[in-house]
Structure formats: C-alpha cells, structure tokens
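Peer 1: Got a structure for you, written out below as structure tokens; questions coming shortly.
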Amino acid sequence: MISFFKAKPKPIQNPLQVDMHSHLLAALDDGVKTHEEAIEIVRQFQQLGFTRLITTPHIMSDTYRNTPQGIRSKLEELKAALAAAGITLQLEAAAEYYLDETVIRLLDAGKPMLTFSGNFFLFETNFYAEPFQLNDFIFKSLTKGYKPILAHPERYAYMTVEKAEELYHRGVILQINSLSLIGFYGKPAQKLAQKLVEQKLIHLLGSDCHNLLQARLQAEVMQDKFYRKALDLPLLNYKL
Ligand SMILES: [Fe+2]
C-alpha cells in the first residue's frame, strides 16, 4: 500500500530571538490601536522564534508626547493582557526618540532617557534633511554614557553609505529595519539597506513593527538572502 505523506513545512530558523524596535503599546503612537492587536502581533513573533521583544513607542514633542511613566503603565497593561492570553514571550519597553530640541533639552538637563539593555538609546531623525543638531546630539548622548542607535538609516533621503560610515565612526550604532530588505519602504531604502549589510555597517536588526501586516511579513523577511547575510554579522541582537 502506498501512503502519501504531505511534506511538513520547514520550520523557520530564526537565531535572532530579540527584536528591539516596535510600536506595540496601544494608542501611544502610530502603532497598534488595541491590546488585542498587540497580542496577535506578539503571538506571531513568538511563532517566528522570538523570545523577547523590546517595544519602542515614539517620543516626539509635537506629535507623540509620551512620557516614561505613561509608557511604563501601558506596558504593564499589555503584559497583564499577554499573561491572561497565556503568552510567555518576554516584553519590555524603551522608546524611539525623535531628534529635536526637546530631546536635546532632556539630555542637557540630565533627565534619564528610556533605554534598553542598560544604555542603548534609540533615536530617529527627520526623513528628508540631516538635522543640524545631529553631531551635537551624538556627542551629548555619548558623553552622558548612552549608546546612541540610529533607527532605520536606510530610510532617510539624506543618508548614503559614506554618511553611515561616518556616523558609525562617531560612535552611532546603525539599526536597519528588516522589512527594508524586502522592499517594504521602496527601492532606494532596500538598496541602501542591502549595501549597509554588505559593508558590515549595521549592528542591529529591528522589525519596527506597527501592525499585524508588518508582523506577518517577518516570515517573508526570514527567507531573504540579505537578511540571512545580516544574521552572520556580529549583531548586538545576540547580546541584548
Ligand atoms: Fe519606529
């Protein structure tokens, strides 16, 4: 008797385990709207082999005026909802700071920033023009003992490989969005992300997940050639 067995789908090999950039705290920014949506996303990440998520709501003085207290209390709500849903994945929160006058003032005033794994400090900039305070910000954050991480360098119109290299030598850690590698943000971002991987200039990969669609696309990302190449770099994700 001949039996036909359906080939089992190949399990996805994901050595990354830690994702350090996402927007999963309901209604704090342009990320998820409800805890239910966040739970579905976290479930998806768990299925993909992640064991720890560091979620990073926007802090932007004219749009998202989030505070450490507000972020922490929303985190506790989501953690309780995850526990009630039987999800064991570890969840933490930091923030993604927009580089503006407010963040410089916070640094000058010595206010504690929301960081992860000690002193990793995630920031983003204007998408079009290089901010005039960029070097000042880098210098001040390093002087205060933070390790500045530039979120998604590949997405900025002003960014080039040379500029990324310069920032790296100034002490900035570069984090690309894994979705950039499959063209989610368009061709220029994809090409630059691929070049940054090839030049070994990136030290963190993040999902920057805002919604369920982006969470589902992570499975596709994991098959990508450049993503696999990036996994062979000495990524800090392995040490967080
Ligand atoms: Fe983000």
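Residue numbering restarts at 1 for every chain of the structure tokens, chains are lettered A, B, ... in their displayed order, and ligands are numbered from 1 as they appear.
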Give me, as a tab-separated table, the closest atom pair and its distance (Å, one decimal) for every residue of chain A within a cut-off of 8 Å of ligand 1, counting only C-alpha atoms and all ligand atoms, rows sorted by chain and rising number.
Peer 2:
residue	atom	partner	partner_atom_place_in_ligand_line	distance
A:His21	CA	ligand 1	1 (Fe)	6.2
A:Ser22	CA	ligand 1	1 (Fe)	5.9
A:His23	CA	ligand 1	1 (Fe)	6.6
A:Thr56	CA	ligand 1	1 (Fe)	6.9
A:Pro57	CA	ligand 1	1 (Fe)	7.3
A:His58	CA	ligand 1	1 (Fe)	6.8
A:Glu96	CA	ligand 1	1 (Fe)	6.3
A:Glu124	CA	ligand 1	1 (Fe)	7.8
A:Ala151	CA	ligand 1	1 (Fe)	7.0
A:Asp208	CA	ligand 1	1 (Fe)	4.7
A:Cys209	CA	ligand 1	1 (Fe)	7.4
A:His210	CA	ligand 1	1 (Fe)	7.7
Peer 1: Save the residues we just selected, C-alpha atoms, as a compact mmCIF listing (two decimals), in the first residue's frame?
Peer 2:
# COMPACT_ATOMS: atom_id res chain seq x y z
CA HIS A 21 12.17 48.12 17.74
CA SER A 22 8.37 48.09 17.53
CA HIS A 23 5.23 50.05 18.32
CA THR A 56 9.71 51.42 21.50
CA PRO A 57 6.86 53.98 21.32
CA HIS A 58 7.64 57.24 19.57
CA GLU A 96 12.21 55.79 19.89
CA GLU A 124 15.28 58.69 14.67
CA ALA A 151 16.80 53.77 13.70
CA ASP A 208 9.83 48.45 13.56
CA CYS A 209 6.51 46.60 13.60
CA HIS A 210 3.47 48.90 13.73
Peer 1: Can you list, as number ranges by chain, every protein, DNA or RNA residue that comes within 12 Å of segment 161-169 of chain A when you count only C-alpha atoms, leaving out same-chain residues fewer than 5 positions away?
Peer 2: A: 130, 134-135, 137-139, 147-156, 174-176, 189, 191-203
Peer 1: Point out the residue among A:Ile87, A:Val172, A:Tyr128, A:Gly31 with the least atom-to-atom distance to Ser141 of chain A, counting only C-alpha atoms.
Peer 2: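 Using only C-alpha atoms, the shortest distance to Ser141 of chain A belongs to A:Val172.
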Peer 1: Just to confirm, what's the straight-line distance from atom CA of Ile182 of chain A to atom CA of Asn211 of chain A in Å (one decimal)?
Peer 2: 16.8 Å
Peer 1: Could you list, as a list in words, every residue within 10 Å of Glu40 of chain A, counting only C-alpha atoms and ignoring same-chain residues fewer than 4 positions away?
Peer 2: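 The neighbour list is His35, Glu36, Gln44, Phe45, Gln46, Leu82, Asn211, Leu212 and Ala215 of chain A.
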Peer 1: Skip Thr115 of chain A itself and residues of its chain fewer than 6 positions away, then list as a PyMOL selection string all residues within 9 Å of it, counting only C-alpha atoms.
Peer 2: chain A and resi 93-95+121-122+146
Peer 1: Can you write out the residues you just picked, keeping N, CA, C and O atoms, as a compact mmCIF listing (two decimals), in the first residue's frame?
Peer 2:
# COMPACT_ATOMS: atom_id res chain seq x y z
N ALA A 93 9.83 47.67 27.49
CA ALA A 93 9.63 48.90 26.71
C ALA A 93 10.78 49.86 26.89
O ALA A 93 11.36 49.97 27.98
N ALA A 94 11.12 50.54 25.81
CA ALA A 94 12.03 51.69 25.85
C ALA A 94 11.31 52.77 25.04
O ALA A 94 10.10 52.97 25.25
N ALA A 95 11.99 53.44 24.14
CA ALA A 95 11.33 54.45 23.32
C ALA A 95 12.15 54.70 22.07
O ALA A 95 13.33 54.32 22.00
N PHE A 121 20.16 53.64 23.35
CA PHE A 121 19.29 54.80 23.24
C PHE A 121 18.85 54.95 21.77
O PHE A 121 19.62 55.41 20.92
N LEU A 122 17.63 54.52 21.47
CA LEU A 122 17.14 54.51 20.09
C LEU A 122 16.62 55.89 19.68
O LEU A 122 15.79 56.47 20.38
N TYR A 146 25.36 57.16 27.12
CA TYR A 146 24.42 56.37 26.32
C TYR A 146 25.10 55.82 25.08
O TYR A 146 26.11 56.36 24.62
Peer 1: Which is closer to Ser61 of chain A than all the others in A:Leu91, A:Leu236, A:Leu99, A:Ile39, using only C-alpha atoms?
Peer 2: A:Leu99
Peer 1: Using backbone DSSP assignments, extract all helix (DSSP H, G or I) residues from segment 87-219 of chain A; output them as a PyMOL selection string.
Peer 2: chain A and resi 101-108+134-143+153-155+161-170+178-182+187-198+212-219
Peer 1: Could you tell me which of A:Leu204, A:Ala219, A:Ala84, A:Met159 comes closest to Gln47 of chain A if we count only C-alpha atoms?
Peer 2: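 Checking each candidate against Gln47 of chain A, we get A:Ala219 as the closest.
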Peer 1: Please identify which residues in segment 41-94 of chain A DSSP calls strand (DSSP E or B) from the backbone, and express them as a JSON list (two decimals) with C-alpha atoms, in the first residue's frame.
Peer 2:
[["chain", "number", "residue", "atom", "x", "y", "z"],
["A", 52, "ARG", "CA", 11.96, 38.78, 23.78],
["A", 53, "LEU", "CA", 10.52, 41.99, 22.37],
["A", 54, "ILE", "CA", 11.63, 45.49, 23.33],
["A", 55, "THR", "CA", 8.87, 47.79, 22.19],
["A", 58, "HIS", "CA", 7.64, 57.24, 19.57],
["A", 59, "ILE", "CA", 8.55, 60.23, 21.70],
["A", 60, "MET", "CA", 8.15, 63.28, 19.51],
["A", 64, "TYR", "CA", 3.57, 61.92, 20.47],
["A", 90, "GLN", "CA", 9.17, 38.48, 27.40],
["A", 91, "LEU", "CA", 8.11, 42.06, 26.75],
["A", 92, "GLU", "CA", 9.92, 45.27, 27.71],
["A", 93, "ALA", "CA", 9.63, 48.90, 26.71]]
Peer 1: List the neighbours of Asp108 of chain A out to 12 Å using only C-alpha atoms; skip same-chain residues closer than 2 positions along the sequence, and give me the result as a PyMOL selection string.
Peer 2: chain A and resi 101-106+110-113+136-137+139-141+143-144
Peer 1: Could the residues in this selection be saved with N, CA, C and O atoms as a JSON list (two decimals), in the first residue's frame?
Peer 2:
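File produced: out34.json:
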[["chain", "number", "residue", "atom", "x", "y", "z"],
["A", 101, "GLU", "N", 14.62, 69.63, 19.43],
["A", 101, "GLU", "CA", 15.12, 70.45, 20.54],
["A", 101, "GLU", "C", 14.78, 69.84, 21.90],
["A", 101, "GLU", "O", 15.54, 69.96, 22.86],
["A", 102, "THR", "N", 13.60, 69.19, 21.96],
["A", 102, "THR", "CA", 13.16, 68.64, 23.25],
["A", 102, "THR", "C", 14.11, 67.56, 23.75],
["A", 102, "THR", "O", 14.47, 67.54, 24.93],
["A", 103, "VAL", "N", 14.52, 66.67, 22.86],
["A", 103, "VAL", "CA", 15.39, 65.58, 23.31],
["A", 103, "VAL", "C", 16.76, 66.13, 23.70],
["A", 103, "VAL", "O", 17.39, 65.67, 24.67],
["A", 104, "ILE", "N", 17.21, 67.17, 23.00],
["A", 104, "ILE", "CA", 18.49, 67.80, 23.37],
["A", 104, "ILE", "C", 18.35, 68.42, 24.77],
["A", 104, "ILE", "O", 19.24, 68.29, 25.61],
["A", 105, "ARG", "N", 17.20, 69.06, 25.02],
["A", 105, "ARG", "CA", 16.98, 69.68, 26.34],
["A", 105, "ARG", "C", 16.96, 68.62, 27.44],
["A", 105, "ARG", "O", 17.51, 68.81, 28.52],
["A", 106, "LEU", "N", 16.31, 67.49, 27.14],
["A", 106, "LEU", "CA", 16.26, 66.40, 28.13],
["A", 106, "LEU", "C", 17.67, 65.92, 28.46],
["A", 106, "LEU", "O", 18.00, 65.68, 29.62],
["A", 110, "GLY", "N", 19.96, 66.33, 31.98],
["A", 110, "GLY", "CA", 20.35, 65.09, 32.66],
["A", 110, "GLY", "C", 19.16, 64.22, 33.03],
["A", 110, "GLY", "O", 19.24, 63.37, 33.92],
["A", 111, "LYS", "N", 18.04, 64.39, 32.33],
["A", 111, "LYS", "CA", 16.85, 63.55, 32.59],
["A", 111, "LYS", "C", 17.15, 62.13, 32.13],
["A", 111, "LYS", "O", 17.74, 61.93, 31.05],
["A", 112, "PRO", "N", 16.75, 61.13, 32.91],
["A", 112, "PRO", "CA", 17.01, 59.76, 32.47],
["A", 112, "PRO", "C", 16.18, 59.41, 31.23],
["A", 112, "PRO", "O", 14.98, 59.67, 31.20],
["A", 113, "MET", "N", 16.82, 58.88, 30.22],
["A", 113, "MET", "CA", 16.12, 58.52, 28.99],
["A", 113, "MET", "C", 15.64, 57.07, 29.10],
["A", 113, "MET", "O", 16.20, 56.28, 29.86],
["A", 136, "ASP", "N", 25.86, 67.28, 17.50],
["A", 136, "ASP", "CA", 25.73, 67.73, 18.89],
["A", 136, "ASP", "C", 25.02, 66.65, 19.72],
["A", 136, "ASP", "O", 25.45, 66.29, 20.82],
["A", 137, "PHE", "N", 23.94, 66.11, 19.15],
["A", 137, "PHE", "CA", 23.17, 65.07, 19.83],
["A", 137, "PHE", "C", 24.04, 63.83, 20.09],
["A", 137, "PHE", "O", 24.05, 63.27, 21.18],
["A", 139, "PHE", "N", 27.30, 63.61, 20.26],
["A", 139, "PHE", "CA", 28.34, 63.93, 21.25],
["A", 139, "PHE", "C", 27.75, 63.94, 22.65],
["A", 139, "PHE", "O", 28.29, 63.32, 23.58],
["A", 140, "LYS", "N", 26.60, 64.61, 22.81],
["A", 140, "LYS", "CA", 26.00, 64.70, 24.14],
["A", 140, "LYS", "C", 25.55, 63.33, 24.65],
["A", 140, "LYS", "O", 25.74, 63.02, 25.83],
["A", 141, "SER", "N", 24.96, 62.54, 23.80],
["A", 141, "SER", "CA", 24.49, 61.24, 24.31],
["A", 141, "SER", "C", 25.68, 60.34, 24.69],
["A", 141, "SER", "O", 25.63, 59.66, 25.71],
["A", 143, "THR", "N", 28.62, 61.39, 25.69],
["A", 143, "THR", "CA", 29.20, 61.98, 26.90],
["A", 143, "THR", "C", 28.40, 61.58, 28.15],
["A", 143, "THR", "O", 28.97, 61.38, 29.22],
["A", 144, "LYS", "N", 27.08, 61.46, 27.98],
["A", 144, "LYS", "CA", 26.24, 61.08, 29.13],
["A", 144, "LYS", "C", 26.23, 59.57, 29.38],
["A", 144, "LYS", "O", 25.51, 59.08, 30.23]]
Peer 1: Can you measure atom CA of Leu142 of chain A to atom CA of Tyr227 of chain A for me? One decimal in Å is fine.
Peer 2: 29.1 Å
